[in-house]
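Chemist: I'm passing along model06.cif; it holds mmCIF, C-alpha atoms.
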data_model
#
loop_
_atom_site.group_PDB
_atom_site.id
_atom_site.type_symbol
_atom_site.label_atom_id
_atom_site.label_comp_id
_atom_site.auth_asym_id
_atom_site.auth_seq_id
_atom_site.Cartn_x
_atom_site.Cartn_y
_atom_site.Cartn_z
ATOM 1 C CA MET A 279 0.000 0.000 0.000
ATOM 2 C CA GLU A 280 2.853 2.388 0.826
ATOM 3 C CA GLU A 281 4.297 1.644 -2.619
ATOM 4 C CA ASP A 282 0.982 2.632 -4.228
ATOM 5 C CA LEU A 283 0.908 5.883 -2.284
ATOM 6 C CA GLN A 284 4.435 6.690 -3.418
ATOM 7 C CA TRP A 285 3.511 6.136 -7.067
ATOM 8 C CA VAL A 286 0.358 8.226 -6.711
ATOM 9 C CA ARG A 287 2.346 11.052 -5.129
ATOM 10 C CA GLU A 288 4.937 10.893 -7.916
ATOM 11 C CA VAL A 289 2.245 11.044 -10.620
ATOM 12 C CA LEU A 290 0.578 13.986 -8.902
ATOM 13 C CA ALA A 291 3.980 15.698 -8.668
ATOM 14 C CA GLY A 292 4.299 15.480 -12.456
ATOM 15 C CA ASN A 293 6.121 12.177 -13.010
ATOM 16 C CA LYS A 294 3.752 10.604 -15.524
ATOM 17 C CA GLN A 295 6.079 7.592 -15.906
ATOM 18 C CA ALA A 296 5.210 6.499 -12.344
ATOM 19 C CA TYR A 297 1.684 5.702 -13.547
ATOM 20 C CA ALA A 298 3.109 2.761 -15.510
ATOM 21 C CA HIS A 299 3.868 1.068 -12.162
ATOM 22 C CA ILE A 300 0.229 1.373 -11.135
ATOM 23 C CA ILE A 301 -0.972 0.022 -14.471
ATOM 24 C CA ASN A 302 1.450 -2.908 -14.382
ATOM 25 C CA LYS A 303 0.423 -3.848 -10.856
ATOM 26 C CA TYR A 304 -3.346 -3.715 -11.398
ATOM 27 C CA LYS A 305 -3.975 -4.396 -15.104
ATOM 28 C CA ASN A 306 -4.255 -8.198 -14.844
ATOM 29 C CA PRO A 307 -6.489 -8.453 -11.757
ATOM 30 C CA LEU A 308 -8.663 -5.601 -13.013
ATOM 31 C CA TYR A 309 -8.946 -7.200 -16.451
ATOM 32 C CA ALA A 310 -9.906 -10.542 -14.861
ATOM 33 C CA THR A 311 -12.681 -8.890 -12.856
ATOM 34 C CA ILE A 312 -14.025 -6.885 -15.767
ATOM 35 C CA LEU A 313 -13.809 -9.865 -18.123
ATOM 36 C CA ARG A 314 -16.019 -11.820 -15.774
ATOM 37 C CA MET A 315 -18.447 -8.902 -15.686
ATOM 38 C CA THR A 316 -18.577 -8.384 -19.459
ATOM 39 C CA ARG A 317 -17.816 -11.955 -20.582
ATOM 40 C CA ASN A 318 -16.279 -10.417 -23.681
ATOM 41 C CA PRO A 319 -12.470 -10.046 -23.960
ATOM 42 C CA GLN A 320 -12.538 -7.061 -26.329
ATOM 43 C CA ASP A 321 -15.045 -5.135 -24.207
ATOM 44 C CA ALA A 322 -13.085 -5.980 -21.071
ATOM 45 C CA GLN A 323 -9.888 -4.698 -22.650
ATOM 46 C CA ASP A 324 -11.616 -1.466 -23.711
ATOM 47 C CA PHE A 325 -13.170 -0.981 -20.265
ATOM 48 C CA VAL A 326 -9.824 -1.528 -18.526
ATOM 49 C CA GLN A 327 -8.134 1.048 -20.759
ATOM 50 C CA ASP A 328 -10.945 3.531 -20.176
ATOM 51 C CA ALA A 329 -10.853 2.830 -16.452
ATOM 52 C CA PHE A 330 -7.110 3.496 -16.224
ATOM 53 C CA LEU A 331 -7.599 6.792 -18.055
ATOM 54 C CA LYS A 332 -10.392 7.725 -15.681
ATOM 55 C CA VAL A 333 -8.284 6.752 -12.647
ATOM 56 C CA TYR A 334 -5.404 8.836 -13.976
ATOM 57 C CA HIS A 335 -7.588 11.916 -14.347
ATOM 58 C CA GLN A 336 -9.143 11.400 -10.909
ATOM 59 C CA LEU A 337 -5.935 10.703 -8.962
ATOM 60 C CA GLY A 338 -6.231 14.096 -7.300
ATOM 61 C CA LYS A 339 -9.522 12.938 -5.737
ATOM 62 C CA TYR A 340 -7.941 9.914 -4.062
ATOM 63 C CA LYS A 341 -7.840 10.346 -0.298
ATOM 64 C CA GLU A 342 -4.783 8.654 1.160
ATOM 65 C CA THR A 343 -6.694 7.437 4.202
ATOM 66 C CA GLY A 344 -8.281 4.537 2.326
ATOM 67 C CA SER A 345 -6.879 1.629 0.366
ATOM 68 C CA PHE A 346 -5.679 2.698 -3.075
ATOM 69 C CA SER A 347 -6.615 -0.650 -4.627
ATOM 70 C CA SER A 348 -10.189 -0.349 -3.322
ATOM 71 C CA TRP A 349 -10.424 3.184 -4.686
ATOM 72 C CA LEU A 350 -9.026 2.100 -8.078
ATOM 73 C CA TYR A 351 -11.498 -0.799 -8.290
ATOM 74 C CA ARG A 352 -14.356 1.498 -7.311
ATOM 75 C CA VAL A 353 -13.528 3.975 -10.087
ATOM 76 C CA ALA A 354 -13.108 1.149 -12.634
ATOM 77 C CA ILE A 355 -16.246 -0.745 -11.657
ATOM 78 C CA ASN A 356 -18.327 2.427 -11.496
ATOM 79 C CA HIS A 357 -17.107 3.226 -15.002
ATOM 80 C CA CYS A 358 -18.214 -0.222 -16.201
ATOM 81 C CA MET A 359 -21.577 0.107 -14.501
ATOM 82 C CA ASP A 360 -22.065 3.498 -16.164
ATOM 83 C CA GLU A 361 -21.274 1.936 -19.540
ATOM 84 C CA PHE A 362 -23.686 -0.925 -18.835
ATOM 85 C CA ARG A 363 -26.450 1.544 -18.057
ATOM 86 C CA LYS A 364 -25.684 3.767 -21.058
ATOM 87 C CA LYS A 365 -25.602 0.994 -23.581
ATOM 88 C CA ARG A 366 -27.873 -1.439 -21.807
ATOM 89 C CA TYR A 367 -24.899 -3.692 -22.151
ATOM 90 C CA ARG A 368 -25.638 -7.348 -22.665
ATOM 91 C CA SER A 369 -22.811 -9.759 -22.135
ATOM 92 C CA THR A 370 -22.020 -12.309 -24.755
ATOM 93 C CA GLN A 371 -20.809 -15.616 -23.454
ATOM 94 C CA VAL A 372 -17.269 -16.251 -24.575
ATOM 95 C CA GLU A 373 -15.150 -19.247 -23.682
ATOM 96 C CA LEU A 374 -12.121 -18.190 -21.710
ATOM 97 C CA GLY A 375 -8.856 -19.598 -23.002
ATOM 98 C CA GLU A 376 -7.493 -22.824 -21.610
ATOM 99 C CA GLU A 377 -4.321 -21.052 -20.471
ATOM 100 C CA GLN A 378 -6.418 -18.876 -18.149
ATOM 101 C CA VAL A 379 -7.796 -21.905 -16.359
ATOM 102 C CA ILE A 380 -5.376 -24.821 -16.415
ATOM 103 C CA ASP A 381 -2.241 -25.513 -14.406
ATOM 104 C CA SER A 382 -1.602 -29.153 -15.295
ATOM 105 C CA ASN A 383 -1.160 -30.866 -18.648
ATOM 106 C CA HIS A 384 -2.653 -34.214 -17.659
ATOM 107 C CA PRO A 385 -5.641 -34.788 -19.989
ATOM 108 C CA GLU A 386 -8.085 -35.748 -17.230
ATOM 109 C CA VAL A 387 -7.108 -32.760 -15.090
ATOM 110 C CA VAL A 388 -7.357 -30.479 -18.116
ATOM 111 C CA PHE A 389 -10.822 -31.773 -18.914
ATOM 112 C CA LEU A 390 -12.132 -31.560 -15.339
ATOM 113 C CA LYS A 391 -10.787 -28.053 -14.787
ATOM 114 C CA LYS A 392 -12.253 -26.839 -18.065
ATOM 115 C CA GLU A 393 -15.634 -28.371 -17.227
ATOM 116 C CA LYS A 394 -15.649 -26.925 -13.732
ATOM 117 C CA HIS A 395 -14.632 -23.520 -15.056
ATOM 118 C CA ARG A 396 -17.362 -23.576 -17.721
ATOM 119 C CA GLN A 397 -19.975 -24.498 -15.154
ATOM 120 C CA LEU A 398 -18.821 -21.770 -12.772
ATOM 121 C CA GLU A 399 -18.834 -19.141 -15.544
ATOM 122 C CA ARG A 400 -22.324 -20.242 -16.577
ATOM 123 C CA LEU A 401 -23.560 -20.110 -12.979
ATOM 124 C CA LEU A 402 -22.105 -16.635 -12.490
ATOM 125 C CA ALA A 403 -23.758 -15.459 -15.690
ATOM 126 C CA THR A 404 -27.182 -16.397 -14.268
ATOM 127 C CA LEU A 405 -26.792 -14.034 -11.317
ATOM 128 C CA PRO A 406 -28.056 -10.460 -11.335
ATOM 129 C CA GLU A 407 -25.293 -7.956 -12.090
ATOM 130 C CA ASP A 408 -24.939 -6.698 -8.501
ATOM 131 C CA GLU A 409 -24.647 -10.204 -7.022
ATOM 132 C CA ARG A 410 -22.231 -11.319 -9.754
ATOM 133 C CA LEU A 411 -19.999 -8.311 -9.073
ATOM 134 C CA ILE A 412 -19.902 -9.003 -5.337
ATOM 135 C CA MET A 413 -19.135 -12.698 -5.956
ATOM 136 C CA LEU A 414 -16.280 -11.762 -8.292
ATOM 137 C CA LEU A 415 -14.826 -9.229 -5.895
ATOM 138 C CA ARG A 416 -14.975 -11.752 -3.054
ATOM 139 C CA TYR A 417 -13.723 -14.877 -4.794
ATOM 140 C CA ALA A 418 -11.823 -13.789 -7.909
ATOM 141 C CA ASN A 419 -10.187 -10.777 -6.283
ATOM 142 C CA GLU A 420 -10.196 -12.150 -2.728
ATOM 143 C CA LEU A 421 -11.426 -8.895 -1.203
ATOM 144 C CA SER A 422 -12.780 -8.850 2.334
ATOM 145 C CA TYR A 423 -16.416 -8.043 3.047
ATOM 146 C CA ASP A 424 -15.318 -4.644 4.368
ATOM 147 C CA GLU A 425 -13.346 -3.902 1.194
ATOM 148 C CA ILE A 426 -16.291 -4.922 -0.981
ATOM 149 C CA SER A 427 -18.601 -2.722 1.076
ATOM 150 C CA GLU A 428 -16.242 0.226 0.698
ATOM 151 C CA LEU A 429 -15.639 -0.428 -2.987
ATOM 152 C CA THR A 430 -19.283 -0.820 -4.002
ATOM 153 C CA ASP A 431 -20.633 1.725 -1.521
ATOM 154 C CA VAL A 432 -23.049 -0.913 -0.240
ATOM 155 C CA PRO A 433 -23.599 -1.519 3.494
ATOM 156 C CA LEU A 434 -21.679 -4.462 4.950
ATOM 157 C CA SER A 435 -24.871 -6.324 5.886
ATOM 158 C CA THR A 436 -26.119 -5.976 2.294
ATOM 159 C CA VAL A 437 -22.823 -7.356 0.951
ATOM 160 C CA ARG A 438 -23.179 -10.386 3.235
ATOM 161 C CA ASN A 439 -26.823 -10.872 2.212
ATOM 162 C CA LYS A 440 -26.064 -10.580 -1.505
ATOM 163 C CA LEU A 441 -23.219 -13.089 -1.206
ATOM 164 C CA HIS A 442 -25.443 -15.471 0.708
ATOM 165 C CA ARG A 443 -28.267 -15.116 -1.832
ATOM 166 C CA ALA A 444 -25.910 -15.525 -4.788
ATOM 167 C CA LYS A 445 -24.338 -18.677 -3.342
ATOM 168 C CA LYS A 446 -27.787 -20.090 -2.553
ATOM 169 C CA LYS A 447 -28.979 -19.433 -6.110
ATOM 170 C CA MET A 448 -25.877 -21.094 -7.508
ATOM 171 C CA ARG A 449 -26.217 -24.089 -5.132
ATOM 172 C CA ASP A 450 -29.893 -24.481 -6.037
ATOM 173 C CA THR A 451 -29.050 -24.410 -9.741
ATOM 174 C CA VAL A 452 -26.337 -27.028 -9.252
ATOM 175 C CA LYS A 453 -28.703 -29.254 -7.260
ATOM 176 C CA ARG A 454 -31.403 -28.915 -9.922
ATOM 177 C CA GLU A 455 -29.029 -29.629 -12.790
ATOM 178 C CA GLY A 456 -26.609 -31.901 -11.002
ATOM 179 C CA GLY A 457 -23.021 -30.789 -10.675
ATOM 180 C CA TYR A 458 -19.964 -30.769 -8.500
ATOM 181 C CA PHE A 459 -19.742 -27.358 -6.901
ATOM 182 C CA HIS A 460 -19.980 -28.407 -3.284
ATOM 183 C CA GLU A 461 -17.450 -25.652 -2.365
ATOM 184 C CA LEU A 462 -20.239 -23.093 -2.579
ATOM 185 C CA SER A 463 -21.865 -24.568 0.464
ATOM 186 C CA ASN A 464 -18.649 -24.796 2.486
ATOM 187 C CA ASP A 465 -17.447 -21.195 2.272
ATOM 188 C CA ARG A 466 -18.387 -18.571 4.834
#
Would you encode the structure as structure tokens?
Modeler:
Amino acid sequence: MEEDLQWVREVLAGNKQAYAHIINKYKNPLYATILRMTRNPQDAQDFVQDAFLKVYHQLGKYKETGSFSSWLYRVAINHCMDEFRKKRYRSTQVELGEEQVIDSNHPEVVFLKKEKHRQLERLLATLPEDERLIMLLRYANELSYDEISELTDVPLSTVRNKLHRAKKKMRDTVKREGGYFHELSNDR
């Protein structure tokens, strides 16, 4: 966090090159989150670029008392939500590349991981936008409930309720259709 603050201070002092450090640190996790929101690689790439431009222009508004990463995600996600509302954005399901999912080359492991990933992506796509976002922030980005609450400007109790509802919907879908996502019931 101190490193982020240093880069922000340098950018605000006129060192535009310092912004490259911020981009390099956050581009992949931000892209992963936005890709799961849009389900379209090209749109996700465009949104990430737009978000980094917006963050750059709003750096002066960042208050150093809070987490920089939470602030950056808030600006980026708010930008995406604005775009969704403007264009009544509808996500198009796109298969994510095997290299984004698989760690092992064993054929059975490859197959099972791909299947599990497809099912998870499909389950996430069935959730309302607000619940899907909170699930992604919690599990893909590993943010705490407090960070999600701060980032989305939603009360902590609402974050907990939305997560609970989203997991229940996903569990119910898995039970109805048959599947192997028992982890959804084990996480708290």
Chemist: Select from region 329-364 of chain A every residue with an atom at most 12 Å from any atom of region 295-317 of chain A, then for each give the shortest pair of atoms and their distance in Å to one decimal, using only C-alpha atoms, rows by chain and rising number, as CSV.
Modeler:
residue,atom,partner,partner_atom,distance
A:Ala329,CA,A:Leu308,CA,9.4
A:Phe330,CA,A:Ile301,CA,7.3
A:Leu331,CA,A:Ile301,CA,10.1
A:Val333,CA,A:Tyr297,CA,10.1
A:Tyr334,CA,A:Tyr297,CA,7.8
A:His335,CA,A:Tyr297,CA,11.2
A:Leu337,CA,A:Tyr297,CA,10.2
A:Phe346,CA,A:Ile300,CA,10.1
A:Ser347,CA,A:Tyr304,CA,8.1
A:Ser348,CA,A:Tyr304,CA,11.1
A:Trp349,CA,A:Tyr304,CA,11.9
A:Leu350,CA,A:Tyr304,CA,8.8
A:Tyr351,CA,A:Leu308,CA,7.3
A:Arg352,CA,A:Leu308,CA,10.7
A:Val353,CA,A:Leu308,CA,11.1
A:Ala354,CA,A:Leu308,CA,8.1
A:Ile355,CA,A:Ile312,CA,7.7
A:Asn356,CA,A:Ile312,CA,11.1
A:His357,CA,A:Ile312,CA,10.6
A:Cys358,CA,A:Ile312,CA,7.9
A:Met359,CA,A:Met315,CA,9.6
A:Glu361,CA,A:Thr316,CA,10.7
A:Phe362,CA,A:Thr316,CA,9.1
Chemist: Go ahead and save the picked residues with C-alpha atoms, as a PDB file, keeping the file's coordinate frame.
Modeler:
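And here is the file that came out, again-v5.pdb:
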ATOM      1  CA  ALA A 329     -10.853   2.830 -16.452  1.00  0.00           C
ATOM      2  CA  PHE A 330      -7.110   3.496 -16.224  1.00  0.00           C
ATOM      3  CA  LEU A 331      -7.599   6.792 -18.055  1.00  0.00           C
ATOM      4  CA  VAL A 333      -8.284   6.752 -12.647  1.00  0.00           C
ATOM      5  CA  TYR A 334      -5.404   8.836 -13.976  1.00  0.00           C
ATOM      6  CA  HIS A 335      -7.588  11.916 -14.347  1.00  0.00           C
ATOM      7  CA  LEU A 337      -5.935  10.703  -8.962  1.00  0.00           C
ATOM      8  CA  PHE A 346      -5.679   2.698  -3.075  1.00  0.00           C
ATOM      9  CA  SER A 347      -6.615  -0.650  -4.627  1.00  0.00           C
ATOM     10  CA  SER A 348     -10.189  -0.349  -3.322  1.00  0.00           C
ATOM     11  CA  TRP A 349     -10.424   3.184  -4.686  1.00  0.00           C
ATOM     12  CA  LEU A 350      -9.026   2.100  -8.078  1.00  0.00           C
ATOM     13  CA  TYR A 351     -11.498  -0.799  -8.290  1.00  0.00           C
ATOM     14  CA  ARG A 352     -14.356   1.498  -7.311  1.00  0.00           C
ATOM     15  CA  VAL A 353     -13.528   3.975 -10.087  1.00  0.00           C
ATOM     16  CA  ALA A 354     -13.108   1.149 -12.634  1.00  0.00           C
ATOM     17  CA  ILE A 355     -16.246  -0.745 -11.657  1.00  0.00           C
ATOM     18  CA  ASN A 356     -18.327   2.427 -11.496  1.00  0.00           C
ATOM     19  CA  HIS A 357     -17.107   3.226 -15.002  1.00  0.00           C
ATOM     20  CA  CYS A 358     -18.214  -0.222 -16.201  1.00  0.00           C
ATOM     21  CA  MET A 359     -21.577   0.107 -14.501  1.00  0.00           C
ATOM     22  CA  GLU A 361     -21.274   1.936 -19.540  1.00  0.00           C
ATOM     23  CA  PHE A 362     -23.686  -0.925 -18.835  1.00  0.00           C
TER      24      PHE A 362
END
Chemist: So what do you get for CA of Arg416 (chain A) versus CA of Glu455 (chain A), distance-wise?
Modeler: 24.7 Å
Chemist: I'd like the interatomic distance between CA of Glu399 (chain A) and CA of Ser345 (chain A), to a tenth of an Å.
Modeler: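 Spanning CA of Glu399 (chain A) to CA of Ser345 (chain A) is a straight-line distance of 28.8 Å.
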Chemist: Quick one: pull the distance between CA of Tyr417 (chain A) and CA of Lys445 (chain A), Å, one decimal.
Modeler: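 Pair CA of Tyr417 (chain A) / CA of Lys445 (chain A) returns 11.4 Å.
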Chemist: Looking at A:Arg400, A:Arg438, A:Lys339, A:Arg410, which one is nearest to Val452 (chain A), with distances taken over all atoms listed in the file?
Modeler: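 Selected residue with least distance to Val452 (chain A): A:Arg400.
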Chemist: When distances are computed from only C-alpha atoms, which of A:Asp328, A:Asp431, A:Glu342, A:Asp408 shows the smallest separation from Leu283 (chain A)?
Modeler: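 Comparing A:Asp328, A:Asp431, A:Glu342, A:Asp408 against Leu283 (chain A), the winner is A:Glu342.
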Chemist: Applying 12 Å and all atoms listed in the file, which residues near Asn439 (chain A) remain after dropping the ones on its own chain fewer than 3 positions away? List them as a list in words.
Modeler: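 Using all atoms listed in the file, the neighbours found are Asp408, Glu409, Ile412, Met413, Tyr423, Ser427, Val432, Pro433, Leu434, Ser435, Thr436, His442, Arg443, Ala444, Lys445, Lys446 and Arg466 of chain A.
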